[in-house]
Every structure is written in structure tokens, then in C-alpha cells.
Amino acid sequence: MSTVTALRRRALVGAAIAGLAAATLVALPASRAEAHGGLTYPQTRTYACYLDGLAGGQAAGQAGNMLPTNPICQQALAASNYPFYNWYGNLLGTIAGQHQTIADGTLCAPDPKFAAFNTPSTQWPTTRLQSGGRITFQYAATVPHPGWWTQWITKDGWDPSQPIGWDDLEPAPFDRVLNPPTRSGGPTGPEYYWTAQLPQKTGRHVILSIWERTDSPESFYNCSDVVFDGGGTTDPGDPGDPGDPVDTTAPTAPGTPTAAAVDGTTASLTWAASTDAVGVTGYTVHDAATGAVLARPTSPATTLSGLTPGTSYSVYVTATDAAGNVSARSSTLTFSSGTVPVGSCSVKFDVSNAWSGGFVGNVTISNESMTPVNGWQLTWTFTKGEKVTQAWNGTATQSGAVVTARSAAWNGTIAHHGAVTFGFMGSSSGAPGQPTGVALNGLPCALA
């Protein structure tokens with residue numbers, strides 16, 4: 001691609017985004033999106049390799065370790081394991097909407113830490129879609145923020161053996177939405193979701209999704225490899241139209257689910273996929289005792305969170321196709337949530353200033369688990385009669401020697417392997433001591 005062509009193409013990209021924003025702003029619903037995240041349907045390269053790594057680790061008897069079996073995912077892991085444990089963090093922090101400045105060949109992963117996911121290959125895992133059909137995008141709301149989501153797709157005849165440049169994409173995005181709604185029960189927890197019309201395509205393509213925050217200059221980038229072959233999420237049509245064949249055949253029952261990476265409060269479930277003449281659009285995980293819905297993933301894997309340590313759970317799975325037919329239930333899995341492992345969270349208390357009768361404390365909470373903490377509450381016990389007099393970046397109350405600190409509205413989520421910090425002012429009759437009995441949302445934490 002010549003420099004002139006590339007510059008012209010990037011100018012068109014910027015114009016397309018600006019034009020769509022102006023044209024659609026007044027027509028969009030006012031539902032508020034509550035920014036780390038990425039598409040779980042259709043799966044991004046990073047999310048697909050993350051799941052492949054977890055499944056490979058489980059199969060090898062090393063649950064929780066990343067042992068992908070897909071060759072291109074193995075290649076990406078050899079470059080760095082960071083994108084696997086932070087699959088939703090492919091971002092540029094100061095791009096401020098100037099996406100056209102991203103160099104050709106780096107569109108899928110402009111963040112250098114994710115560079116391996118720019119590699120051209122036909123071995124990237126794919127999601128089956130139907131040409132021209134309706135799709136419900138699912139986007140993990142790992143750390144929610146408002147913004148625009150814009151979806152581009154490769155042109156007919158693009159070469160998957162070559163790096164993706166701006167000229168490989170259609171001139172305009174096929175979908176754009178502002179502040180889509182959120183819901184619980186996604187494959188990784190809370191998710192954004194919205195429906196869109198897919199373009200008319202055949203064969204293999206790449207969807208480039210850009211999440212541009214409206215409350216900061218940060219944007220997130222994801223590539224999803226898809227195959228248009230009649231599968232996937234579609235609009236089944238009007239059953240009353242004799243031109244539309246009516247699908248009445250349910251998918252086969254899913255395989256028996258298995259549990260891995262069970263850590264007291266979360267469990268990763270996987271099962272053998274169902275098959276269907278048209279295409280499976282999703283799965284539902286049920287509580288076997290009550291029938292209650294625990295999760296609605298689109299792929300044969302999900303993570304259950306909010307479990308009670310040391311508790312027995314029984315679950316089964318059903319599959320649904322595009323026509324709404326529901327499969328027979330899978331066999332039931334019964335598992336114990338186990339105990340919280342040492343090191344699933346750690347807390348560091350620092351005294352940044354002290355004087356006669358008082359001190360300033362800074363507290364850092366680190367989430368060492370594989371799942372985000374949504375809405376944190378930290379408790380600890382003072383040992384030398386200390387009293388909290390005020391707090392910032394959170395609230396704090398005290399009963400006797402026990403202090404309870406809660407998140408503020410803006411810092412309630414701690415991403416996995418992430419951290420938050422808050423501070424407080426306290427009174428004391430001497431040098432403050434090291435707190436004891438530290439717990440995050442009721443679960444013990446190590447002192448750092």
C-alpha cells in the first residue's frame with residue numbers, strides 16, 4: 001500500500017466515524033452503559049486464545065495454567081503471557097479518537113504488549129456467522145465506562161495471509177452504537193449487549209471492533225475472526241411466511257460440564273458443544289436444585305462467580321438454536337466450591353504521615369484471583385486502639401476495633417491482577433500497629 005493511499009484511507013476512516021456520530025446521535029436509545037473489556041461473541045483473538053489456554057491446562061491436569069493447543073495461540077503465548085491474563089486490556093490510553101493514526105498491520109493489536117495478535121494466519125479460532133443475519137454482540141464489561149462501539153469488517157477478497165491494513169476494511173463500519181445496555185450472566189460476568197445487522201459476506205473475514213470511551217482519551221481494540229457459512233446468530237425470519245422454512249429440531253444435548261479453576265468463590269465450567277442443523281446460538285447454565293439460570297454464554301464455557309466457599313453446587317446445561325429450540329439437558333455436574341486459596345487477595349497498609357495523636361494511612365487492595373471483584377468491602381481489626389476519623393476514595397465506618405471500608409462509586413471494580421488504593425486519617429495514642437483479620441468481601445486476605 002502506498003503512503004498516499006494509506007493517508008487517503010485513514011482520512012476516510014476519520015470522516016466515516018465523525019459522520020456516523022453526527023448522524024446517529026439523536027436516534028440512539030438513552031440506556032446508559034456502565035473501561036476494560038472485549039467481545040466474547042464473536043470471540044476476539046485474545047479471548048479465544050485465553051479459553052484455549054484454560055482448556056489445555058485443564059486437559060493436562062494443570063487447571064488454571066495457560067496451555068493452549070491451537071498453534072497460533074501457542075505462538076502468541078510464547079511471545080508473552082500478558083495478553084492471556086489480560087485479554088480484555090488491548091488499549092491505547094491517549095489515542096483520543098484518532099484511530100486513523102494507527103499503522104497498517106497493527107489494527108488488531110495497536111498496544112505493543114499484544115503485538116502477537118496482529119500475526120496474519122488462518123489458524124486463529126473462528127466464530128460461525130450467517131451472511132446478512134442479525135447478531136447480538138456480547139462485550140465483557142470488565143471495567144464499565146460510557147462510549148462508542150464501532151464495528152468494521154474486511155472487504156471481499158482480502159488476503160488473510162497478509163497483515164490487516166485500513167485498505168483491507170470496507171470503507172464504512174457496518175455497525176455503531178453509543179452506550180449499549182449492560183446485563184449480568186455473560187461468559188465472564190457483566191456484559192454490554194446490542195443487536196446489529198451483519199453485512200452480506202461469504203467465507204472467512206475479520207471484524208475489527210473499536211470501543212472509544214467518551215469520558216477519557218482511551219480506546220480498546222479487538223479483532224474477531226469469523227466464517228460466514230450459515231451458522232451462528234441469525235434472524236430466523238417470520239415463521240408465517242411460507243418462504244421461510246420453520247426449524248423445529250432442537251440442538252443435541254450439551255456434554256457433561258466439568259469444573260476447573262475452582263477457588264472458593266468462582267468456578268470455570270466447560271462442556272462439549274451441542275450440534276444443530278442450523279446453528280447453536282447459546283447455552284444456559286441452570287442450578288439443578290432450583291432450575292434458576294446461572295449464566296447464558298454463547299460458547300461452551302463460562303465462569304460462575306459469587307459462590308460461597310465450602311459449598312456443594314449442582315448444575316446442568318441446555319443449548320438453544322436460532323429458532324429458539326431448546327435441547328435436552330446435559331448430565332448434572334456436582335462440585336464443591338472449595339476454599340479460598342492463600343494469595344487470592346493481598347492488602348498493604350502504609351503510614352504515609354504520623355504525628356502525636358494521629359496518622360495518615362494508605363491502603364492498597366490487590367486482586368490476585370482470575371476474576372474481577374465487583375463492589376469491594378474491606379474489613380480489618382486495629383490492634384492498638386486506633387480510630388478512623390475520615391476517609392477518601394471510599395467510605396469507612398468503625399465498630400469497636402473493627403473497621404469496614406467500602407468502595408466509592410468510581411472504583412468499585414478491581415480487575416483480576418489489578419489493584420485499588422484508598423486512604424484514611426486516624427487517631428492513635430502511639431505508633432499505629434499492623435491490622436489483623438483483613439478480609440475482602442468476607443474472604444481472608446494476606447498482608448503484603
# chains A, B, ... in the order shown; residues from 1 in each chain; ligands from 1
call {"tool": "residues_around", "arguments": {"residues": "Ala109 (chain A)", "least_positions_apart": "5", "cutoff": "9 Å", "atoms": "only C-alpha atoms", "output": "number ranges by chain"}}
result
A: 90-91, 114-118, 221-223
call {"tool": "write_last_selection", "arguments": {"atoms": "C-alpha atoms", "output": "compact mmCIF listing (two decimals), in the first residue's frame"}}
result
# COMPACT_ATOMS: atom_id res chain seq x y z
CA ASN A 90 -5.84 -4.29 24.38
CA LEU A 91 -5.88 -0.49 24.50
CA PHE A 114 -0.47 -7.54 22.29
CA ALA A 115 1.61 -7.43 19.07
CA ALA A 116 1.48 -11.22 18.52
CA PHE A 117 -2.26 -10.91 17.86
CA ASN A 118 -1.55 -8.94 14.66
CA TYR A 221 -9.30 -2.66 20.03
CA ASN A 222 -10.36 -6.22 19.23
CA CYS A 223 -10.28 -8.46 16.17
call {"tool": "residues_around", "arguments": {"residues": "region 432-437 of chain A", "least_positions_apart": "6", "cutoff": "10 Å", "atoms": "only C-alpha atoms", "output": "PyMOL selection string"}}
result
chain A and resi 348-351+354+357-361+379-387+401-403+426+443-447
call {"tool": "residues_around", "arguments": {"residues": "Ala295 (chain A)", "least_positions_apart": "2", "cutoff": "8 Å", "atoms": "only C-alpha atoms", "output": "list of chain:residue names"}}
result
A:Gly185, A:Gly186, A:Pro187, A:Thr284, A:Val285, A:His286, A:Val293, A:Pro297, A:Thr302, A:Leu304
call {"tool": "residues_around", "arguments": {"residues": "Leu77 (chain A)", "least_positions_apart": "6", "cutoff": "12 Å", "atoms": "only C-alpha atoms", "output": "number ranges by chain"}}
result
A: 46, 49-50, 52-53, 65-71, 83-85, 87, 113-117
call {"tool": "atom_distance", "arguments": {"atom1": "CA of Asp104 (chain A)", "atom2": "CA of Tyr139 (chain A)"}}
result
24.8 Å
call {"tool": "select_by_dssp", "arguments": {"residues": "region 202-329 of chain A", "states": "strand (DSSP E)", "output": "number ranges by chain"}}
result
A: 203-213, 219-228, 258-260, 267-270, 280-287, 293-295, 301-304, 312-321
call {"tool": "write_last_selection", "arguments": {"atoms": "C-alpha atoms", "output": "short mmCIF file (atom, residue, chain, number, x, y, z; two decimals), in the first residue's frame"}}
result
data_model
loop_
_atom_site.label_atom_id
_atom_site.label_comp_id
_atom_site.auth_asym_id
_atom_site.auth_seq_id
_atom_site.Cartn_x
_atom_site.Cartn_y
_atom_site.Cartn_z
CA GLY A 203 -16.12 -17.25 3.77
CA ARG A 204 -13.51 -16.03 6.23
CA HIS A 205 -13.39 -12.42 7.45
CA VAL A 206 -12.21 -10.33 10.39
CA ILE A 207 -14.40 -7.96 12.40
CA LEU A 208 -12.48 -5.05 13.95
CA SER A 209 -14.27 -3.61 16.98
CA ILE A 210 -13.21 -0.28 18.50
CA TRP A 211 -14.53 0.89 21.86
CA GLU A 212 -13.91 4.62 22.16
CA ARG A 213 -14.55 5.97 25.64
CA SER A 219 -9.88 3.27 23.30
CA PHE A 220 -9.92 -0.54 23.13
CA TYR A 221 -9.30 -2.66 20.03
CA ASN A 222 -10.36 -6.22 19.23
CA CYS A 223 -10.28 -8.46 16.17
CA SER A 224 -12.71 -11.37 15.85
CA ASP A 225 -12.12 -13.98 13.15
CA VAL A 226 -15.42 -15.15 11.66
CA VAL A 227 -16.64 -17.50 8.94
CA PHE A 228 -19.87 -16.79 7.07
CA THR A 258 -16.63 -30.10 34.05
CA ALA A 259 -15.33 -27.60 36.60
CA ALA A 260 -11.81 -26.18 36.81
CA ALA A 267 -15.50 -21.92 39.05
CA SER A 268 -14.76 -22.21 35.32
CA LEU A 269 -17.13 -24.59 33.54
CA THR A 270 -16.61 -26.19 30.13
CA VAL A 280 -26.37 -23.19 18.13
CA THR A 281 -26.77 -19.60 19.33
CA GLY A 282 -26.16 -20.05 23.03
CA TYR A 283 -26.23 -22.10 26.20
CA THR A 284 -27.96 -21.76 29.55
CA VAL A 285 -26.39 -22.98 32.79
CA HIS A 286 -29.01 -23.95 35.38
CA ASP A 287 -28.95 -24.64 39.10
CA VAL A 293 -30.45 -19.54 35.40
CA LEU A 294 -26.83 -19.03 36.47
CA ALA A 295 -25.30 -17.94 33.15
CA ALA A 301 -17.64 -22.33 28.58
CA THR A 302 -18.41 -19.86 31.33
CA THR A 303 -17.18 -18.74 34.74
CA LEU A 304 -19.53 -18.79 37.71
CA SER A 312 -21.71 -28.03 47.08
CA TYR A 313 -23.26 -26.96 43.76
CA SER A 314 -25.10 -28.97 41.10
CA VAL A 315 -25.57 -27.59 37.58
CA TYR A 316 -26.71 -28.68 34.14
CA VAL A 317 -26.62 -27.04 30.71
CA THR A 318 -29.08 -26.67 27.82
CA ALA A 319 -28.46 -25.35 24.29
CA THR A 320 -30.64 -23.07 22.16
CA ASP A 321 -30.66 -22.58 18.38
#
call {"tool": "closest_residue", "arguments": {"among": "A:Thr298, A:Thr182, A:Thr389, A:Ser131", "to": "Pro144 (chain A)", "atoms": "only C-alpha atoms"}}
result
A:Thr182
call {"tool": "closest_residue", "arguments": {"among": "A:Thr142, A:Ser399, A:Asp159, A:Pro199", "to": "Thr371 (chain A)", "atoms": "only C-alpha atoms"}}
result
A:Thr142
call {"tool": "closest_residue", "arguments": {"among": "A:Met370, A:Ala59, A:Leu169, A:Ala419", "to": "Leu107 (chain A)", "atoms": "only C-alpha atoms"}}
result
A:Leu169
call {"tool": "atom_distance", "arguments": {"atom1": "CA of Ala288 (chain A)", "atom2": "CA of Thr265 (chain A)"}}
result
18.4 Å
